[in-house]
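Participant: Pasting in a structure now, in structure tokens, and then I'll have a few things to ask.
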Amino acid sequence: MRTKVTLVLIFLNVALFFVIFHFERTWRTDSVAREVRRRVLSAETTDIRSFEVKSVVPNGSFSVERKGGEWFLTKPVQWRANANAVARILSDLEFMEHFTSFDVAAVVKNGQSLADYGLATPKITVTFNSGGVDTNGRGAVSTTIGIGEMTKVGQRLYVLSPDKKRIHVVGREIADSLSMSLEQLRSDTVLTIPVYEARAINIQAAPPTGVHVVLQNDGSKWSFETPIPARANKDAVELAINGLDGLRVKSFVPDTVQVPSDARFRLTIEGNNRYETLFIGAEVPSSLEHKVPVNGHEFYAQIEDSNKASGRSGWFTLDVPDALMTTLRDAQESLRDRHLLDFDPTLVSVISLKAPNQPTLTLQRLEADAATGEVRWQIVTSGDASQGPLTLAADTKVVQHFLDSLVLLSARQFKSDAPQASDLDNWGFNRPERTILINQQLNAGSNNKLQPANAQLALEIGRSTDRNDPYVYAHLVNALSVYSIDPDLIRDTDVNINNWRNKQLSNLPAAAQVVSVELIDLKDNHSMGKWISARDNQSFAGPLNSKIEALRQLAGQLKNLRASRFVQSSFSTSANTQAGLKPWRYRLDEQIALPGSNGKVEVTTHSLWLSERSGGTEQIAGSSELGLEFSIEQSFIDQLWTLTYGASDPGVPQLKN
């Protein structure tokens, strides 16, 4: 019994599915057929490539053509069309539907004619060409429809079919879109090549300057080709292109208006297989300006592009911001890269600094530290004939800071791109204050294709004979251009070795132990305090605790002693202070225990000679072992103060009520 019920239910479901499928498909088919039957035009509207509108209304006729993916007005003027206006017309043509329709033959049979519907001479005639050899193999197909009078009821229009055999009654939307004014049909866009497509810029200024500037984009950077080969500022160039793309037509000048022939600029932007040229003419007289632009002026202009074969467009006006006009007028400088040097700091292998009558300072990159990966540098100095070159560890942070400053080194002024020999002498290049040589270790994978491996940059710095000149001058050897730069570079390139030395004077291994530290007053050779690691501060009490703590702090700093600055690369019996030579006042003795190779502990004594404190942040130390004198760091000075003057320090005075 259950089996029979199940089979019946299955049969009923199948039958119901068949009925639904059959009738729903019929309903859908009928719906689509009804919609298609209501359309006035068919497949010819799907690929319209040009259309012409003829109207009996004055200035109502126009034609539009698609070129390279864009729409252009070809009549009554040559100009880029408003894409939204064209899209509206195409949509109204494609989806134009009739409310009713009837045969022309039936109209004639009833004693009427096309003239009764305004279709003998239509008020608007639309002819469009669709398709082409690339789509149908037969060339473009031309279609024409006529739009006549308005119906007496319903505000609808009569439209004559392309074969002139049928009259359709349609909504008035198609007439509204075809009756747009020329101002609505024309795009207000002037230049359309975006910054990412731009490949070259050509700026020709009008006399008397007449400067001709050409910039090229190789994909990664912009550079000048004329008037001189030079790097361009990529950001400035792209901002200028964006500013030009942002220009909009303010008004179109009627043909009857006489435009002054004065010209300001001829500017061409080249893109991918196309170009656009903007001609900026005379400034519009203030009496004719519709609205005075803010921070800008109104100019007459014309446009020419590769999509138009008829040459320049008619005159129009546009507002040009003052900042953009200044950039174009001074393009040779405003678009130029002010950075003097183009190099990668990570590829620099050797830096050489030369100054008049002083030894050359050479900084050499070493292999990175195996443990920390930190880049290391060394100073190479000239030794005597028997020793040969000597090396000293360089301060990596100082060298890196110097390289960073060279990367950022910028021209304050572009002094000259064609200096005379007398100019070079006046700017100090007959005897440069500094010569900076930078060697780059470039490899096959380097992005810098303009320079070979081990490429060298040579920068000369000169000082003007005019001592009131606030700048110094720089130029690359084998290049003509001279730049004004900040004089701080001379200070930053002092060839004194002490300015570049590694300020880390000692770095004891973890196994080393400071056994004791004692401060001796050399005036009477008495001990001002002694700290012994084994006893620590257990043997001291009372007022001596602060001194013992200061000595303990000094013990920790002596394991990693650093200089604040170097005074001289030699040690003498007197301290070379800012006030002149002064006798050493203190001696700091430390005992260091190091485990030996045979298991025994080796104890060595090291002495640090100290001057009187000569300022809030200045106290000189000397080491006969290291063979130099240097200024100690502030934390070291503070601990010495506790030992030498702590007892007499009155402290911070209390405020009186």
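In the structure tokens, chains take letters A, B, ... by order of appearance, with residues numbered from 1 within each chain and ligands from 1 in the order shown.
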Residues within 10 Å of segment 295-302 of chain A, please, as JSON, numbers by chain. Count only C-alpha atoms; anything in the same chain fewer than 5 positions from it doesn't count.
Facilitator: {"A": [190, 249, 250, 251, 252, 253, 259, 260, 261, 262, 263, 264, 265, 266, 277, 278, 279, 280, 281, 282, 283, 284, 285, 286, 288, 289, 290, 312, 313, 314, 315, 316, 317, 318, 319, 320, 321, 322, 323, 324, 325]}
Participant: Using backbone DSSP assignments, extract all alpha helix (DSSP H) residues from segment 26-147 of chain A; output them as an MDAnalysis selection string.
Facilitator: chainID A and resid 26:38 83:94 104:109 133:136
Participant: Would you work out the distance separating atom CA of Asp395 of chain A from atom CA of Asn499 of chain A, expressed in Å to one decimal?
Facilitator: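 We find that atom CA of Asp395 of chain A and atom CA of Asn499 of chain A lie 8.8 Å from each other.
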Participant: For the atom pair atom CA of Asp330 of chain A and atom CA of Gly210 of chain A, what is the interatomic distance in Å to one decimal place?
Facilitator: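 Separating atom CA of Asp330 of chain A from atom CA of Gly210 of chain A is a distance of 11.3 Å.
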Participant: List as a list in words the protein and nucleic acid residues near Thr617 of chain A, meaning an atom at most 9 Å away when only C-alpha atoms are counted, but skip any in the same chain fewer than 6 places from it.
Facilitator: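 Neighbouring residues, sequence-local ones excluded: Ser631, Ile632, Glu633, Gln634 and Ile637 of chain A.
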Participant: Next, write the just-selected residues to a file, as a CSV table (one decimal), in the first residue's frame, keeping N, CA and C atoms as the atom set.
Facilitator:
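Below you can see part18.csv, which holds the result:
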chain,number,residue,atom,x,y,z
A,631,SER,N,87.6,63.9,25.4
A,631,SER,CA,86.7,64.4,26.4
A,631,SER,C,85.8,63.2,26.8
A,632,ILE,N,85.6,63.1,28.1
A,632,ILE,CA,84.8,62.0,28.6
A,632,ILE,C,83.3,62.3,28.6
A,633,GLU,N,82.4,61.3,28.6
A,633,GLU,CA,81.0,61.5,28.5
A,633,GLU,C,80.4,62.1,29.8
A,634,GLN,N,79.2,62.6,29.7
A,634,GLN,CA,78.6,63.3,30.9
A,634,GLN,C,78.4,62.4,32.1
A,637,ILE,N,81.6,62.2,33.9
A,637,ILE,CA,81.9,63.5,34.6
A,637,ILE,C,81.1,63.6,35.9
Participant: Using only C-alpha atoms, which residue out of A:Glu304, A:Glu238, A:Asp116, A:Asp488 lies closest to Met150 of chain A?
Facilitator: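 Using only C-alpha atoms, the shortest distance to Met150 of chain A belongs to A:Asp116.
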Participant: Near Trp222 of chain A, within 12 Å and counting only C-alpha atoms, which residues show up once chain neighbours fewer than 3 positions away are dropped, as a list in words?
Facilitator: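 That gives Val195, Ala198, Arg199, Ala200, Ile201, Val214, Leu215, Gln216, Asn217, Asp218, Gly219, Glu225, Pro229, Ala230, Arg231, Ala232, Asn233, Lys234, Asp235, Ala236, Val237, Glu238, Leu335, Arg336 and Asp337 of chain A.
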Participant: From the set A:Leu643, A:Glu460, A:Val104, A:Thr226, which residue has the shortest atom-to-atom contact distance to Asn478 of chain A, counting only C-alpha atoms?
Facilitator: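 For Asn478 of chain A, the nearest of the given residues is A:Glu460.
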Participant: Nearest to Ser142 of chain A among A:Asp524, A:Asp638, A:Asp163, A:Asp103, with distances taken over only C-alpha atoms: which residue is it?
Facilitator: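 Among the listed residues, A:Asp163 lies closest to Ser142 of chain A.
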Participant: Which value, in Å to one decimal, gives the distance between atom CA of Phe402 of chain A and atom CA of Asp425 of chain A?
Facilitator: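 Separation of atom CA of Phe402 of chain A and atom CA of Asp425 of chain A: 27.5 Å.
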Participant: Give me the residues near Ala120 of chain A as a list in words, where near means some atom within 12 Å (using only C-alpha atoms) and where sequence neighbours in that chain fewer than 4 positions away do not count.
Facilitator: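 Non-adjacent residues within range: Val104, Gln112, Ser113, Leu114, Ala115, Asp116, Ile124, Thr125, Ile145, Gly146, Ile147, Gly148, Glu149, Tyr158, Val159, Leu160, Lys164 and Ile167 of chain A.
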